[in-house]
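To start, the structure under review is shown below, and the notes come after it.
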Number of protein chains: 4
Amino acid sequence: MTFRSGRHFLQVPGPTNVPERVLRAMNRPTIDHRGPDFARMATEILKDLQWVFRASGPVFVFPSSATGCWEASLVNTLSPGDKVLTCDQGYFADGWRATAERMGLEVDIVPGDWRCGVDPAAVEDKLAKDTAHEYRALLVVHNETSTGITNPLAAVRQALDNTGHPALLMADAVSSLGSMEYEHDAWGVDVTVAGSQKGLMVPPGLGFNAVSEKALEANRSAGLPRSYWDWQAMRSFNEDGFFPYTPATNLLYGLREAISMLREEGPETVFARHQRFAEATRRAVNEWGLEIYCTDPAKYSSALTAILVPEGSDADSLRAVILDRFDMSLGAGLGRLKGKVFRIGHLGDLNDLMLAGTLCGIEMGLSLAGVPSSRGGVAAALDCLSA
Amino acid sequence: MTFRSGRHFLQVPGPTNVPERVLRAMNRPTIDHRGPDFARMATEILKDLQWVFRASGPVFVFPSSATGCWEASLVNTLSPGDKVLTCDQGYFADGWRATAERMGLEVDIVPGDWRCGVDPAAVEDKLAKDTAHEYRALLVVHNETSTGITNPLAAVRQALDNTGHPALLMADAVSSLGSMEYEHDAWGVDVTVAGSQKGLMVPPGLGFNAVSEKALEANRSAGLPRSYWDWQAMRSFNEDGFFPYTPATNLLYGLREAISMLREEGPETVFARHQRFAEATRRAVNEWGLEIYCTDPAKYSSALTAILVPEGSDADSLRAVILDRFDMSLGAGLGRLKGKVFRIGHLGDLNDLMLAGTLCGIEMGLSLAGVPSSRGGVAAALDCLSA
Amino acid sequence: MTFRSGRHFLQVPGPTNVPERVLRAMNRPTIDHRGPDFARMATEILKDLQWVFRASGPVFVFPSSATGCWEASLVNTLSPGDKVLTCDQGYFADGWRATAERMGLEVDIVPGDWRCGVDPAAVEDKLAKDTAHEYRALLVVHNETSTGITNPLAAVRQALDNTGHPALLMADAVSSLGSMEYEHDAWGVDVTVAGSQKGLMVPPGLGFNAVSEKALEANRSAGLPRSYWDWQAMRSFNEDGFFPYTPATNLLYGLREAISMLREEGPETVFARHQRFAEATRRAVNEWGLEIYCTDPAKYSSALTAILVPEGSDADSLRAVILDRFDMSLGAGLGRLKGKVFRIGHLGDLNDLMLAGTLCGIEMGLSLAGVPSSRGGVAAALDCLSA
Amino acid sequence: MTFRSGRHFLQVPGPTNVPERVLRAMNRPTIDHRGPDFARMATEILKDLQWVFRASGPVFVFPSSATGCWEASLVNTLSPGDKVLTCDQGYFADGWRATAERMGLEVDIVPGDWRCGVDPAAVEDKLAKDTAHEYRALLVVHNETSTGITNPLAAVRQALDNTGHPALLMADAVSSLGSMEYEHDAWGVDVTVAGSQKGLMVPPGLGFNAVSEKALEANRSAGLPRSYWDWQAMRSFNEDGFFPYTPATNLLYGLREAISMLREEGPETVFARHQRFAEATRRAVNEWGLEIYCTDPAKYSSALTAILVPEGSDADSLRAVILDRFDMSLGAGLGRLKGKVFRIGHLGDLNDLMLAGTLCGIEMGLSLAGVPSSRGGVAAALDCLSA
């Protein structure tokens, strides 16, 4: 591997830049996960996570990627053959749907357009038609990382309420939690799925399920086989600050520190910071003459921006040039978007000059890779950042 | 929490002391798990793991605890209602059995005595009776961490061969791998389950399945639902150095370093070192007048020693005194052994003086906690270590 | 202290950004500085330092800042009342001169203009007049960190040779070593003074004296009192890989790693990289309509750029705005340049996007602080970096 | 280098084991030493150091080893040809004396016996004879690291007071500060010399001078040349939280954390812990049948124990066996004690089991190296530690 001076620019939409504070916190001896010091730490973290998720119910932490917690959300609440409703909204929604299918659930889909995200009216329509209330759960990705779209969860909740539909509302907040407003309780979410490596700024390896009373109720009669993901064992051990099996202790050290950082900065400041970065990025994109993938400005994500390259250009070649020449990683187009889209992660432990450097790298990369585009994106972004 | 000077003595039988080299290796920025640097690292690790497991087939790495890989071993190879044979050998064997039951498998048990470990003759007897070959898998814990017993896997393999039984041989090597001889291929194991936090000296959070050709064959027709644990997706992504979902990158950094350490010390040296520690520990136990839980010297574990406290004494009180007074964590008696047994982990990144200090702490603790015992254990151990 | 997300931009001209690799290398236990492992490490480092300084003679390492090594250079070679010749070239040259005066030496000065740096002809003139050869040493700062000027050491050497003057040539390479070409032997330097925290990318705390045969000769009869800085004791201990007193072991760990990095990147690549950064920076400055302090383009430093703010503006207010708003530290104007100049360090562990981010911060800061200037500096720099 | 499993036992009397907390604190980016964050930190540290030294006057921190601060103590207070009184008490006292001689001071010596330490009566006798008050300073090593003797500083102060002698009292507290009681003000010390790498648990590279009003007064007229060590510049910069030249920032991070640890544990607890370790060590030595070098029990050091090996044995061979076989470093006999003495450091970040392991290593090493000695030392120490 060629020597690289300076710091890599990790601008994929997760994993995000792990703050030194978090790495430092992890850089300590693993302790006995059955001892009193561990119990004190875990108890504190589990309580703090409720604050992070804005949830009054339990938040379960698994040694797993967030993907595992998709599975956990399903096997804990549903029975073989149960019907779930999902949305055609992007690559990760597809992944969750595939998980449901593999688990033996029957899946129905709210049709949609990946560029517009979830339409609550279409959801409501679908729910209204399900007069028999066969859908046991509705699966929605809050911030779809493949498209850069933040979906209106509160409105989706409203769709359920309007139709009096009893389905559980399950939301994937993997790339929104910690970067933008997220309200587990207030939005009436029953199971929130999340992971450690995005807005929470911790290396990957922890997955989360925040769970409502209603979901716990469903858990009691859920028939899908489960062992590792079982909420009941988790809940019972968690009561004393323990876990049913060996937890990922050093990642928990990191999580504790990351939560401290969120508290210190303050969620409002964190969210506003991400909005500023997103706005500056979009201004750059516009100035470059490129197209933002999301066509509904009300749903622009503040965690990442997905950008279409012009016909005839290849987004992956652009990314390769930028990686090779400027040591910066950008997100690839996923699934059907491969080669058509590149994604800028602007979430997590980032500041104005890191974002400015990122945009500089893209502006230079567009030129070096021969992607038809105008200059001036960086200048526009600087105007925005220094406003 | 009271201030503690010096280093904690972590002498539970896992997680083990994470070497500074491993912590340091983890203390670096998370990188893009879809980029070329990651692929190079993962490819190297996956190959090295074959060397560690002594396996020519694939080794799958999950962001999970080892417990999750019990589940992975089952859902990847079996179908609902399949019959598996397990052994009555200890707390962790019970755990794996419970996992099988929760997954919807039918479980039969080779009766046994926790203090003697697995009797290959009894296993053979059971297999011989299964003329219909209904057992699809035989589950054995190689080194049972609750009892301090290492079971003769090669002899168990022989039992299968003697009876011509086609059941898959699945072994839990969680607390043996990296500390004592383990031969996935040579012993004819079909699925080996392991984790990062014991002999591999990495913090918890990675689980492993080493898999034979026969297990891969079984995988093709296995009917249990699976998604997160799916070997096929894993195998397909691993071919290019990637994973189907976000891997626990920083733990992989640590694993890479730990494998380097195993190579540098050399497996023979590592294994001999553990045998020396175990022998010195047993001499101390004998001198103290305490009883080793394992009653078959041929099966003494070199990774840990489980010790019975005399009737009338409480092992947990002893452990509490030692933790409080000497800042050392020892393993508790698990399940039916609670309060009756304590366990000394002497595996992983340990040397003679660390072990000596450990035994000193126990010798003092026995006296302070009023456990009837003789002095002289440390002296006997020193004789052994300096021989 | 207000919470700051993301990474601080440390763009003072030293200490420079310490690479994670170096921090990680330091993050290990201090060892016995009288033991064999230490001796092996020190022997290796001392040899490697000769490669870094391009010196065949010894390089002495002191637990001290570079400032201490100014003192070391003098007390090891001179006697009370000896005459030394210095140049009027900047704040650090003044500091070295003051050190000489405090040590009881008589100082003569080659007149000069801080904005032009050292004029070899003026030096030669001064030397030629010293027919009695009273000057025992000529002190020159190679890269004057206060002015951003790199002085022509080879030409200064020529001035000594032309006049046949026997004075020792002493050079301060504190901010050039490791960032730009430096040739201790080839340029006929007798004592080179350097420190750990600039081009060598190590935290501050190590000072260096690279020493010629002629300087060692002078050392034998030098009459200034010395103990801590004494080369003879150092040399005698160094022979076996030891030091006369406790060395700064952990900083040495860092130094060893930093030298590895210099080897991996290759000095030519390192120097070219710094030239590219400097050129891009100057293009930005020109576009902003600001004035580079150095008036002789042949002497532009590739390690830093000192920039005049327009009359009526205050460089320190600008720096304060940038620190407050963008979490970036820039160098202040020193001594008589206070408030008139700010300095951009572009040396050490830096890459294109870090530099781009830096220039973005300045462009925005100029506007926010109301310093009369044009936009477009960043765009010009990007043109240069992507050329 | 052979692979070594587990942790090295660093039991030299300094550098001591650097706690992970301190290493972790150092493992962060170097910051601008002219910026506000640095000033806040330095101001806090300088105040905390007064608490550590029990000094109301300033404590100066140099990027240097403690040895450099011997020089600093002299050049800041004395003039060429001044007379100082030192004590014949050990290797480090000799070193300070040699420094004084090299600096051009005239040195007189209180005769003494290295095995008994400083006799205040002999000091008083010497002072009384100096009716002309020619001695400008009295130099005493508080805890002589070469002999394992703690000298009665308060009684030495009394000797000065009894004779009404105005000499400055200078004390080397390098190996006592942070491990045992030390009272700069209450004992009337004028200059205390110390370093970072012993009781303060920080890697080497920081030296200290704690200074009384009287010493500051002497500073004003002191005629020895000085620049790097100059207190006045230091004091003037320190007022605002800065230093006259680049400080060793990362070591200061470590120092800040180490002081926090001293506060958390509490000085009384720290001192009692060291006394316990020293007592247990001496009991082991007695049981081994070896001789403690210090012949005056009232002066036994609680930071280290120096032990004579029997005639015919070589202490360095013993140390080599122990290093090779048990990966433990012990202190060598220094100067005239070479080969005759080995030294056990039991100071700094140490606990009972670390000490127990240390003594186990020595007990085994004595046997392996064939040093005539009895067993039972460890047992005696355990009796003491568990009392």
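If you're wondering about the labels, chains in the structure tokens are A, B, ... by order shown, residues count from 1 in each chain, ligands from 1 in order shown.
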Compile a residue-level contact table for chain A against chain C at a cut-off of 10 Å, reporting for every qualifying residue the shortest atom pair and its distance in Å to one decimal, with only C-alpha atoms counted, rows ordered by chain and ascending number, as a Markdown table.
```
| residue | atom | partner | partner_atom | distance |
| --- | --- | --- | --- | --- |
| A:Thr2 | CA | C:Glu265 | CA | 8.1 |
| A:Phe3 | CA | C:Glu265 | CA | 5.5 |
| A:Arg4 | CA | C:Glu265 | CA | 7.5 |
| A:Ser5 | CA | C:Asp349 | CA | 5.5 |
| A:Gly6 | CA | C:Leu350 | CA | 4.2 |
| A:Arg7 | CA | C:Asn351 | CA | 7.2 |
| A:His8 | CA | C:Asn351 | CA | 8.8 |
| A:Phe9 | CA | C:Leu353 | CA | 8.0 |
| A:Asn17 | CA | C:Gly6 | CA | 8.3 |
| A:Val18 | CA | C:Gly6 | CA | 9.2 |
| A:Pro19 | CA | C:Gly6 | CA | 7.1 |
| A:Glu20 | CA | C:Arg7 | CA | 8.7 |
| A:Asn27 | CA | C:Asn27 | CA | 10.0 |
| A:Met261 | CA | C:Phe3 | CA | 8.1 |
| A:Leu262 | CA | C:Phe3 | CA | 9.6 |
| A:Arg263 | CA | C:Phe3 | CA | 9.8 |
| A:Glu264 | CA | C:Phe3 | CA | 6.3 |
| A:Glu265 | CA | C:Phe3 | CA | 5.5 |
| A:Gly266 | CA | C:Phe3 | CA | 9.1 |
| A:Val270 | CA | C:Ser5 | CA | 8.7 |
| A:Arg273 | CA | C:Ser5 | CA | 9.3 |
| A:Arg325 | CA | C:Ser386 | CA | 8.8 |
| A:Phe326 | CA | C:Asp352 | CA | 6.5 |
| A:Asp327 | CA | C:Leu353 | CA | 8.4 |
| A:Met328 | CA | C:Leu353 | CA | 8.5 |
| A:Gly348 | CA | C:Gly6 | CA | 8.2 |
| A:Asp349 | CA | C:Gly6 | CA | 4.6 |
| A:Leu350 | CA | C:Gly6 | CA | 4.2 |
| A:Asn351 | CA | C:Gly6 | CA | 5.0 |
| A:Asp352 | CA | C:Phe326 | CA | 6.5 |
| A:Leu353 | CA | C:Gly357 | CA | 4.9 |
| A:Met354 | CA | C:Gly357 | CA | 6.2 |
| A:Leu355 | CA | C:Gly357 | CA | 7.7 |
| A:Ala356 | CA | C:Gly357 | CA | 5.4 |
| A:Gly357 | CA | C:Gly357 | CA | 4.1 |
| A:Thr358 | CA | C:Leu353 | CA | 6.8 |
| A:Leu359 | CA | C:Leu353 | CA | 9.0 |
| A:Cys360 | CA | C:Ala356 | CA | 6.5 |
| A:Gly361 | CA | C:Leu353 | CA | 6.2 |
| A:Ile362 | CA | C:Leu353 | CA | 9.9 |
| A:Glu363 | CA | C:Leu382 | CA | 8.4 |
| A:Met364 | CA | C:Ser386 | CA | 5.9 |
| A:Gly365 | CA | C:Ser386 | CA | 8.1 |
| A:Ser367 | CA | C:Ser386 | CA | 8.3 |
| A:Leu368 | CA | C:Ser386 | CA | 7.2 |
| A:Arg375 | CA | C:Ala379 | CA | 8.4 |
| A:Gly376 | CA | C:Ala379 | CA | 7.8 |
| A:Gly377 | CA | C:Ala379 | CA | 9.8 |
| A:Val378 | CA | C:Ala379 | CA | 7.9 |
| A:Ala379 | CA | C:Ala379 | CA | 7.6 |
| A:Ala381 | CA | C:Cys360 | CA | 9.9 |
| A:Leu382 | CA | C:Met364 | CA | 6.7 |
| A:Asp383 | CA | C:Met364 | CA | 7.8 |
| A:Cys384 | CA | C:Met364 | CA | 10.0 |
| A:Leu385 | CA | C:Met364 | CA | 8.2 |
| A:Ser386 | CA | C:Met364 | CA | 5.9 |
| A:Ala387 | CA | C:Leu368 | CA | 8.7 |
```
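Distances from B:Ala171, B:Ala121, B:Arg21, B:Leu10 to Arg256 (chain B) were compared using only C-alpha atoms, and the smallest one belongs to B:Arg21.
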(message) Can you pull out the residues contacting Pro247 (chain B)? Cut-off 8 Å, using only C-alpha atoms, and skip same-chain residues under 5 positions away; I want them as a list of chain:residue names.
(response) A:Ser65, A:Pro204, A:Gly205, B:His33, B:Phe62, B:Pro63
(request) Considering only C-alpha atoms, return as a PyMOL selection string whatever protein or nucleic-acid residues lie within 8 Å of region 107-116 of chain B, sequence-local ones (same chain, fewer than 3 positions apart) excluded. (result) chain B and resi 83-90+97+100-101+119+122-123+126+147+149+293-296+299
Quick one: write out the picked residues with C-alpha atoms as a PDB file, in the first residue's frame?
```pdb
ATOM      1  CA  LYS B  83     -32.560 -34.107  15.899  1.00  0.00           C
ATOM      2  CA  VAL B  84     -29.224 -33.245  17.479  1.00  0.00           C
ATOM      3  CA  LEU B  85     -27.210 -35.074  20.070  1.00  0.00           C
ATOM      4  CA  THR B  86     -25.573 -33.167  22.892  1.00  0.00           C
ATOM      5  CA  CYS B  87     -23.610 -34.134  25.986  1.00  0.00           C
ATOM      6  CA  ASP B  88     -24.368 -33.498  29.620  1.00  0.00           C
ATOM      7  CA  GLN B  89     -20.994 -31.938  30.326  1.00  0.00           C
ATOM      8  CA  GLY B  90     -21.385 -28.460  31.740  1.00  0.00           C
ATOM      9  CA  ARG B  97     -28.414 -27.219  23.880  1.00  0.00           C
ATOM     10  CA  ALA B 100     -30.848 -25.710  19.735  1.00  0.00           C
ATOM     11  CA  GLU B 101     -34.150 -26.125  21.484  1.00  0.00           C
ATOM     12  CA  ASP B 119     -17.007 -40.019  27.635  1.00  0.00           C
ATOM     13  CA  ALA B 122     -20.977 -43.178  25.967  1.00  0.00           C
ATOM     14  CA  VAL B 123     -21.203 -41.056  22.865  1.00  0.00           C
ATOM     15  CA  LYS B 126     -25.658 -43.427  21.814  1.00  0.00           C
ATOM     16  CA  THR B 147     -15.785 -27.141  34.669  1.00  0.00           C
ATOM     17  CA  ILE B 149     -12.328 -29.887  31.455  1.00  0.00           C
ATOM     18  CA  TYR B 293     -13.358 -29.935  40.161  1.00  0.00           C
ATOM     19  CA  CYS B 294     -12.232 -32.136  37.276  1.00  0.00           C
ATOM     20  CA  THR B 295     -11.760 -35.654  38.511  1.00  0.00           C
ATOM     21  CA  ASP B 296     -10.032 -37.013  35.427  1.00  0.00           C
ATOM     22  CA  LYS B 299      -8.857 -34.017  30.968  1.00  0.00           C
TER      23      LYS B 299
END
```
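When only C-alpha atoms are used to compute distances to Gln197 (chain B), the closest of the residues A:Lys129, A:Thr246, A:Val341, A:Val174 turns out to be A:Thr246.
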(request) From a DSSP calculation on the backbone, collect every residue of region 6-221 of chain C in helix (DSSP H, G or I) and output the set as a ChimeraX atom specification. (result) /C:20-26,36-53,66-75,91-102,120-129,153-163,213-221
(message) Please return, as a list in words, all residues of region 110-163 of chain D that DSSP assigns to strand (DSSP E or B) on the basis of the backbone.
(response) Val110, Asp113, Gly117, Tyr135, Arg136, Ala137, Leu138, Leu139, Val140, Val141, Asn143, Glu144, Ile149 and Thr150 of chain D
(message) One decimal, in Å: what's the spacing between CA of Leu216 (chain A) and CA of Leu224 (chain B)?
(response) 24.5 Å
(request) Could you give me, as a list in words, the residues within 12 Å of Phe38 (chain B), counting only C-alpha atoms and dropping anything in the same chain fewer than 3 positions from it? (result) Met1 and Ser329 of chain A; Pro29, Thr30, Ile31, Asp32, His33, Arg34, Gly35, Met41, Ala42, Thr43, Glu44, Ile45, Asn238, Asp240, Gly241, Phe242, Phe243, Thr246, Pro247, Ala248, Thr249, Asn250, Leu252 and Tyr253 of chain B
If you keep N, CA and C atoms, can you produce a file of those selected residues as a compact mmCIF listing (two decimals), in the first residue's frame?
```txt
# COMPACT_ATOMS: atom_id res chain seq x y z
N MET A 1 0.86 -1.18 0.00
CA MET A 1 0.00 0.00 0.00
C MET A 1 0.89 1.23 0.00
N SER A 329 -12.57 8.71 1.01
CA SER A 329 -13.57 7.69 0.69
C SER A 329 -14.95 8.32 0.63
N PRO B 29 -8.28 4.82 13.29
CA PRO B 29 -9.54 5.20 12.67
C PRO B 29 -10.21 4.02 11.96
N THR B 30 -11.50 3.96 12.11
CA THR B 30 -12.30 3.02 11.34
C THR B 30 -12.20 3.41 9.87
N ILE B 31 -12.06 2.43 9.00
CA ILE B 31 -11.97 2.76 7.57
C ILE B 31 -13.22 2.28 6.84
N ASP B 32 -13.32 2.68 5.59
CA ASP B 32 -14.44 2.28 4.72
C ASP B 32 -14.38 0.77 4.51
N HIS B 33 -15.43 0.08 4.96
CA HIS B 33 -15.43 -1.38 4.84
C HIS B 33 -15.78 -1.84 3.43
N ARG B 34 -15.90 -0.90 2.51
CA ARG B 34 -16.13 -1.26 1.11
C ARG B 34 -14.94 -0.84 0.25
N GLY B 35 -13.86 -0.44 0.89
CA GLY B 35 -12.71 0.05 0.13
C GLY B 35 -11.59 -0.96 0.03
N MET B 41 -6.98 -6.21 4.11
CA MET B 41 -6.87 -6.67 5.50
C MET B 41 -7.73 -7.89 5.73
N ALA B 42 -8.98 -7.85 5.28
CA ALA B 42 -9.90 -8.95 5.56
C ALA B 42 -9.43 -10.24 4.89
N THR B 43 -8.95 -10.10 3.67
CA THR B 43 -8.46 -11.28 2.95
C THR B 43 -7.33 -11.94 3.73
N GLU B 44 -6.47 -11.13 4.24
CA GLU B 44 -5.33 -11.63 5.02
C GLU B 44 -5.81 -12.30 6.31
N ILE B 45 -6.75 -11.66 6.98
CA ILE B 45 -7.24 -12.22 8.24
C ILE B 45 -7.96 -13.56 8.00
N ASN B 238 -17.03 -12.61 1.26
CA ASN B 238 -15.66 -12.84 1.73
C ASN B 238 -14.68 -13.09 0.58
N ASP B 240 -14.13 -11.52 -1.96
CA ASP B 240 -13.42 -10.31 -2.36
C ASP B 240 -12.90 -9.52 -1.17
N GLY B 241 -12.95 -10.12 0.00
CA GLY B 241 -12.44 -9.41 1.18
C GLY B 241 -13.50 -8.53 1.82
N PHE B 242 -14.77 -8.78 1.51
CA PHE B 242 -15.82 -7.95 2.08
C PHE B 242 -16.79 -8.76 2.92
N PHE B 243 -17.76 -8.08 3.51
CA PHE B 243 -18.77 -8.72 4.34
C PHE B 243 -20.14 -8.25 3.88
N THR B 246 -21.93 -4.31 7.65
CA THR B 246 -20.77 -3.64 8.25
C THR B 246 -20.09 -4.53 9.29
N PRO B 247 -18.83 -4.84 9.08
CA PRO B 247 -18.10 -5.67 10.04
C PRO B 247 -17.58 -4.81 11.19
N ALA B 248 -17.13 -5.48 12.24
CA ALA B 248 -16.61 -4.76 13.42
C ALA B 248 -15.14 -4.42 13.19
N THR B 249 -14.94 -3.43 12.33
CA THR B 249 -13.61 -3.12 11.80
C THR B 249 -12.51 -3.04 12.85
N ASN B 250 -12.75 -2.31 13.93
CA ASN B 250 -11.67 -2.11 14.90
C ASN B 250 -11.33 -3.40 15.64
N LEU B 252 -11.44 -6.22 14.17
CA LEU B 252 -10.63 -6.94 13.18
C LEU B 252 -9.18 -6.45 13.21
N TYR B 253 -8.98 -5.15 13.43
CA TYR B 253 -7.60 -4.65 13.60
C TYR B 253 -6.92 -5.42 14.74
```
(message) One decimal, in Å: what's the spacing between CA of Val61 (chain B) and CA of Asn209 (chain A)?
(response) 22.4 Å
(request) Show which residues sit within 12 Å of region 332-339 of chain D, as number ranges by chain. Count only C-alpha atoms, and ignore same-chain residues fewer than 2 positions away. (result) C: 32-35; D: 11-14, 90-95, 114-115, 144-148, 293, 305-320, 323, 329-330, 341-345
(message) As an exercise, work out the distance from CA of Leu200 (chain A) to CA of Ser64 (chain B) in Å and give it to one decimal place.
(response) 18.8 Å
(request) For Pro267 (chain C), please output as a PyMOL selection string all residues within 9 Å (counting only C-alpha atoms; exclusion window: fewer than 6 positions along the same chain). (result) chain C and resi 52+178-181
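Of the residues listed (A:Met170, A:Lys47, A:Glu279, A:Tyr245), A:Tyr245 shows the shortest atom-to-atom separation from Gly68 (chain B); distances use only C-alpha atoms.
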